[in-house]
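**Q** Next up, protein-v2.cif (mmCIF, C-alpha atoms, pLDDT in the B column; chains and numbers go by the auth columns).
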data_upload
#
loop_
_atom_site.group_PDB
_atom_site.id
_atom_site.type_symbol
_atom_site.label_atom_id
_atom_site.label_comp_id
_atom_site.label_asym_id
_atom_site.label_seq_id
_atom_site.Cartn_x
_atom_site.Cartn_y
_atom_site.Cartn_z
_atom_site.B_iso_or_equiv
_atom_site.auth_seq_id
_atom_site.auth_asym_id
ATOM 1 C CA MET A 1 -22.834 -16.448 -40.664 55.00 7 Q
ATOM 2 C CA LEU A 2 -23.781 -12.823 -41.309 59.00 8 Q
ATOM 3 C CA LYS A 3 -27.359 -13.563 -40.307 72.00 9 Q
ATOM 4 C CA SER A 4 -26.612 -15.305 -37.028 85.00 10 Q
ATOM 5 C CA LYS A 5 -27.826 -13.636 -33.850 86.00 11 Q
ATOM 6 C CA ALA A 6 -24.415 -13.828 -32.160 85.00 12 Q
ATOM 7 C CA PHE A 7 -22.713 -12.051 -35.068 86.00 13 Q
ATOM 8 C CA ARG A 8 -25.310 -9.282 -35.049 87.00 14 Q
ATOM 9 C CA MET A 9 -24.852 -8.781 -31.308 90.00 15 Q
ATOM 10 C CA LEU A 10 -21.068 -8.677 -31.722 90.00 16 Q
ATOM 11 C CA VAL A 11 -21.346 -6.025 -34.458 90.00 17 Q
ATOM 12 C CA LEU A 12 -23.806 -4.009 -32.342 91.00 18 Q
ATOM 13 C CA ILE A 13 -21.472 -4.095 -29.315 94.00 19 Q
ATOM 14 C CA PHE A 14 -18.527 -3.036 -31.494 92.00 20 Q
ATOM 15 C CA ILE A 15 -20.509 -0.129 -32.960 93.00 21 Q
ATOM 16 C CA LEU A 16 -21.674 1.049 -29.519 93.00 22 Q
ATOM 17 C CA PHE A 17 -18.128 0.795 -28.157 89.00 23 Q
ATOM 18 C CA SER A 18 -16.813 2.788 -31.125 89.00 24 Q
ATOM 19 C CA ILE A 19 -19.425 5.506 -30.613 90.00 25 Q
ATOM 20 C CA PHE A 20 -18.529 5.685 -26.909 86.00 26 Q
ATOM 21 C CA ILE A 21 -14.809 6.062 -27.720 82.00 27 Q
ATOM 22 C CA ILE A 22 -15.530 8.791 -30.287 84.00 28 Q
ATOM 23 C CA LEU A 23 -17.764 10.746 -27.900 85.00 29 Q
ATOM 24 C CA LYS A 24 -15.429 10.443 -24.915 79.00 30 Q
ATOM 25 C CA LYS A 25 -12.091 10.751 -26.741 77.00 31 Q
ATOM 26 C CA ASP A 26 -11.206 14.049 -25.033 75.00 32 Q
ATOM 27 C CA VAL A 27 -11.514 12.467 -21.589 71.00 33 Q
ATOM 28 C CA ILE A 28 -9.972 9.100 -22.463 68.00 34 Q
ATOM 29 C CA PHE A 29 -6.950 10.588 -24.232 70.00 35 Q
ATOM 30 C CA GLN A 30 -6.494 13.707 -22.067 66.00 36 Q
ATOM 31 C CA GLU A 31 -2.976 12.633 -21.073 68.00 37 Q
ATOM 32 C CA GLY A 32 -2.043 10.849 -24.298 69.00 38 Q
ATOM 33 C CA ASN A 33 -1.902 7.073 -24.232 74.00 39 Q
ATOM 34 C CA PRO A 34 -4.359 5.870 -21.541 78.00 40 Q
ATOM 35 C CA ILE A 35 -2.817 2.410 -21.135 81.00 41 Q
ATOM 36 C CA PRO A 36 -0.056 3.386 -18.630 83.00 42 Q
ATOM 37 C CA PHE A 37 -2.678 5.178 -16.539 83.00 43 Q
ATOM 38 C CA ALA A 38 -5.017 2.179 -16.669 84.00 44 Q
ATOM 39 C CA VAL A 39 -2.163 -0.052 -15.466 87.00 45 Q
ATOM 40 C CA ALA A 40 -1.371 2.359 -12.612 88.00 46 Q
ATOM 41 C CA ILE A 41 -5.036 2.612 -11.604 89.00 47 Q
ATOM 42 C CA SER A 42 -5.353 -1.179 -11.605 90.00 48 Q
ATOM 43 C CA LYS A 43 -2.330 -1.415 -9.281 91.00 49 Q
ATOM 44 C CA ILE A 44 -3.969 1.032 -6.875 91.00 50 Q
ATOM 45 C CA ILE A 45 -7.260 -0.867 -6.933 91.00 51 Q
ATOM 46 C CA ILE A 46 -6.147 -4.511 -7.115 92.00 52 Q
ATOM 47 C CA GLN A 47 -2.884 -4.386 -5.145 92.00 53 Q
ATOM 48 C CA ASP A 48 -4.261 -1.764 -2.713 88.00 54 Q
ATOM 49 C CA LYS A 49 -1.267 0.540 -3.219 90.00 55 Q
ATOM 50 C CA GLU A 50 -1.305 4.167 -2.130 91.00 56 Q
ATOM 51 C CA ILE A 51 1.022 5.385 -4.898 91.00 57 Q
ATOM 52 C CA THR A 52 2.146 3.935 -8.231 90.00 58 Q
ATOM 53 C CA GLU A 53 4.566 4.970 -10.946 87.00 59 Q
ATOM 54 C CA VAL A 54 3.090 5.808 -14.320 85.00 60 Q
ATOM 55 C CA LYS A 55 5.404 4.340 -16.925 79.00 61 Q
ATOM 56 C CA GLY A 56 5.722 6.217 -20.160 68.00 62 Q
ATOM 57 C CA THR A 57 8.037 7.287 -22.934 57.00 63 Q
ATOM 58 C CA GLU A 58 7.335 11.003 -22.659 55.00 64 Q
ATOM 59 C CA GLU A 59 9.788 11.737 -19.877 50.00 65 Q
ATOM 60 C CA VAL A 60 13.423 10.854 -19.309 46.00 66 Q
ATOM 61 C CA GLY A 61 14.008 7.597 -17.501 50.00 67 Q
ATOM 62 C CA GLY A 62 10.696 6.078 -18.521 56.00 68 Q
ATOM 63 C CA ILE A 63 8.785 7.621 -15.602 61.00 69 Q
ATOM 64 C CA TYR A 64 5.964 9.964 -16.529 75.00 70 Q
ATOM 65 C CA GLY A 65 4.990 10.623 -12.942 85.00 71 Q
ATOM 66 C CA TYR A 66 3.106 9.113 -10.048 90.00 72 Q
ATOM 67 C CA LEU A 67 -0.564 8.406 -9.505 90.00 73 Q
ATOM 68 C CA VAL A 68 -2.294 8.721 -6.123 93.00 74 Q
ATOM 69 C CA LYS A 69 -5.899 8.783 -5.023 92.00 75 Q
ATOM 70 C CA ARG A 70 -7.383 12.232 -5.473 88.00 76 Q
ATOM 71 C CA GLY A 71 -5.981 14.717 -2.997 81.00 77 Q
ATOM 72 C CA GLU A 72 -3.989 12.140 -0.997 89.00 78 Q
ATOM 73 C CA MET A 73 -0.462 13.526 -1.271 91.00 79 Q
ATOM 74 C CA LYS A 74 0.914 11.900 1.913 93.00 80 Q
ATOM 75 C CA PRO A 75 2.355 8.810 0.143 93.00 81 Q
ATOM 76 C CA PHE A 76 4.297 11.008 -2.300 93.00 82 Q
ATOM 77 C CA ILE A 77 5.479 13.328 0.479 93.00 83 Q
ATOM 78 C CA LYS A 78 6.715 10.305 2.484 94.00 84 Q
ATOM 79 C CA MET A 79 8.561 9.019 -0.596 91.00 85 Q
ATOM 80 C CA MET A 80 10.281 12.378 -1.072 91.00 86 Q
ATOM 81 C CA GLU A 81 11.178 12.593 2.634 92.00 87 Q
ATOM 82 C CA LYS A 82 12.853 9.165 2.355 92.00 88 Q
ATOM 83 C CA GLU A 83 15.005 10.676 -0.421 88.00 89 Q
ATOM 84 C CA GLY A 84 16.066 13.471 1.940 90.00 90 Q
ATOM 85 C CA TRP A 85 13.645 16.202 0.838 91.00 91 Q
ATOM 86 C CA GLU A 86 11.752 18.272 3.396 93.00 92 Q
ATOM 87 C CA PHE A 87 8.140 19.115 2.591 93.00 93 Q
ATOM 88 C CA GLU A 88 7.511 22.852 2.790 92.00 94 Q
ATOM 89 C CA GLU A 89 4.003 23.503 1.467 92.00 95 Q
ATOM 90 C CA ARG A 90 1.193 22.447 -0.806 90.00 96 Q
ATOM 91 C CA ASN A 91 0.238 25.354 -3.023 87.00 97 Q
ATOM 92 C CA GLU A 92 -3.315 24.666 -4.132 84.00 98 Q
ATOM 93 C CA ILE A 93 -3.487 27.791 -6.280 87.00 99 Q
ATOM 94 C CA SER A 94 -0.694 26.627 -8.596 88.00 100 Q
ATOM 95 C CA ASN A 95 -1.218 22.876 -7.944 89.00 101 Q
ATOM 96 C CA ALA A 96 2.325 22.334 -6.730 91.00 102 Q
ATOM 97 C CA LEU A 97 4.147 20.634 -3.884 92.00 103 Q
ATOM 98 C CA VAL A 98 7.225 22.505 -2.673 92.00 104 Q
ATOM 99 C CA PHE A 99 10.226 20.638 -1.216 92.00 105 Q
ATOM 100 C CA ASN A 100 13.589 21.762 0.189 91.00 106 Q
ATOM 101 C CA LYS A 101 16.890 19.916 0.403 89.00 107 Q
ATOM 102 C CA GLY A 102 19.644 22.056 1.859 87.00 108 Q
ATOM 103 C CA ASP A 103 19.671 25.221 -0.199 89.00 109 Q
ATOM 104 C CA VAL A 104 17.791 23.659 -3.143 88.00 110 Q
ATOM 105 C CA THR A 105 14.042 24.183 -3.541 87.00 111 Q
ATOM 106 C CA THR A 106 11.913 22.309 -6.069 88.00 112 Q
ATOM 107 C CA SER A 107 8.280 22.669 -7.001 88.00 113 Q
ATOM 108 C CA ILE A 108 6.496 19.566 -8.287 90.00 114 Q
ATOM 109 C CA GLY A 109 3.254 20.029 -10.192 89.00 115 Q
ATOM 110 C CA TYR A 110 0.186 17.853 -9.984 90.00 116 Q
ATOM 111 C CA GLN A 111 -3.141 17.632 -11.757 87.00 117 Q
ATOM 112 C CA TYR A 112 -6.415 15.887 -11.033 86.00 118 Q
ATOM 113 C CA TYR A 113 -6.981 12.916 -13.354 83.00 119 Q
ATOM 114 C CA THR A 114 -10.652 11.941 -13.501 80.00 120 Q
ATOM 115 C CA ARG A 115 -12.545 12.519 -10.286 85.00 121 Q
ATOM 116 C CA TYR A 116 -10.732 9.772 -8.375 89.00 122 Q
ATOM 117 C CA TYR A 117 -6.993 10.201 -9.011 90.00 123 Q
ATOM 118 C CA THR A 118 -4.184 12.773 -9.057 90.00 124 Q
ATOM 119 C CA ILE A 119 -1.148 12.725 -11.356 89.00 125 Q
ATOM 120 C CA ILE A 120 2.055 14.056 -9.810 90.00 126 Q
ATOM 121 C CA TYR A 121 4.469 15.103 -12.543 86.00 127 Q
ATOM 122 C CA TYR A 122 7.742 14.040 -11.001 82.00 128 Q
ATOM 123 C CA SER A 123 10.755 12.412 -12.524 69.00 129 Q
ATOM 124 C CA PRO A 124 14.037 12.724 -10.584 64.00 130 Q
ATOM 125 C CA TRP A 125 15.960 13.351 -13.804 55.00 131 Q
ATOM 126 C CA ILE A 126 13.646 16.132 -14.973 49.00 132 Q
ATOM 127 C CA ASN A 127 13.220 17.916 -11.640 49.00 133 Q
ATOM 128 C CA GLY A 128 16.952 17.874 -10.945 52.00 134 Q
ATOM 129 C CA CYS A 129 16.381 15.973 -7.742 53.00 135 Q
ATOM 130 C CA VAL A 130 18.927 13.203 -8.263 50.00 136 Q
#
Mind turning the file's structure into structure tokens?
**A**
Amino acid sequence: MLKSKAFRMLVLIFILFSIFIILKKDVIFQEGNPIPFAVAISKIIIQDKEITEVKGTEEVGGIYGYLVKRGEMKPFIKMMEKEGWEFEERNEISNALVFNKGDVTTSIGYQYYTRYYTIIYYSPWINGCV
């Protein structure tokens, strides 16, 4: 069995995959566990969604944030406006979206994730927006 061609190919593929993971670990694990992000990206691609929740255990309520295509903040802004928030500005220097609701102002940070997606760090329980 150890000398079969299929086994050798399987071992070679495993070794190459392991080397790839080791070399690219900083990119793959830049936000911790990549599985919730892979699920969110697959929803954007396969289900053709504009915005998806990133599930995680890091934040209260099980929501880590939201994922949108890079630079396309309109879906998130529309979601916040449905909750009664008024969009004020997008501050590109500090990577933040600023919203107002009555006399309350909140700033929601975002970060580019790979070259195709943006993570918006928003959880209603954390941002005090409930």
**Q** From the set Q:Gly108, Q:Gly71, Q:Gly115, Q:Gly77, which residue has the shortest atom-to-atom contact distance to Trp91 of chain Q, counting only C-alpha atoms?
**A** Q:Gly108
**Q** Around all the atoms of segment 40-47 of chain Q listed in the file, with 4 Å of room on each side, what axis-aligned box do you get, giving centre and edge lengths in Å to one decimal, as AutoDock Vina command-line options?
**A**
--center_x -2.5 --center_y 2.9 --center_z -16.6 --size_x 13.0 --size_y 13.9 --size_z 17.9
**Q** Which value, in Å to one decimal, gives the distance between atom CA of Tyr72 of chain Q and atom CA of Ile52 of chain Q?
**A**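 Result for atom CA of Tyr72 of chain Q versus atom CA of Ile52 of chain Q: 16.7 Å, one decimal.
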**Q** Which of these, Q:Thr111, Q:Arg14, Q:Gln53, Q:Ile126, has the shortest distance to Lys80 of chain Q once you count all atoms listed in the file?
**A** Q:Ile126
**Q** Starting from the shown file, work through the PyMOL selection byres ((chain Q and resi 102) around 9) and note down what comes out as a ChimeraX atom specification.
**A** /Q:95-101,103-104,113-117,126
**Q** Evaluate the PyMOL selection byres ((chain Q and resi 47) around 10) here and jot the selected residues down as a list of chain:residue names.
**A** Q:Ile41, Q:Pro42, Q:Phe43, Q:Ala44, Q:Val45, Q:Ala46, Q:Ser48, Q:Lys49, Q:Ile50, Q:Ile51, Q:Ile52, Q:Gln53, Q:Asp54, Q:Lys55, Q:Ile57, Q:Thr58, Q:Glu59, Q:Val60, Q:Leu73, Q:Val74, Q:Lys75, Q:Tyr122, Q:Tyr123
**Q** I'd like the residues picked by the PyMOL selection byres ((chain Q and resi 85) around 12) written out as a PyMOL selection string, using the chain letters and numbers from the file.
**A** chain Q and resi 56-59+72+79-84+86-93+105+128+130
**Q** Please indicate the distance in Å from atom CA of Ile25 of chain Q to atom CA of Lys11 of chain Q, rounded to one decimal place.
**A** 21.2 Å
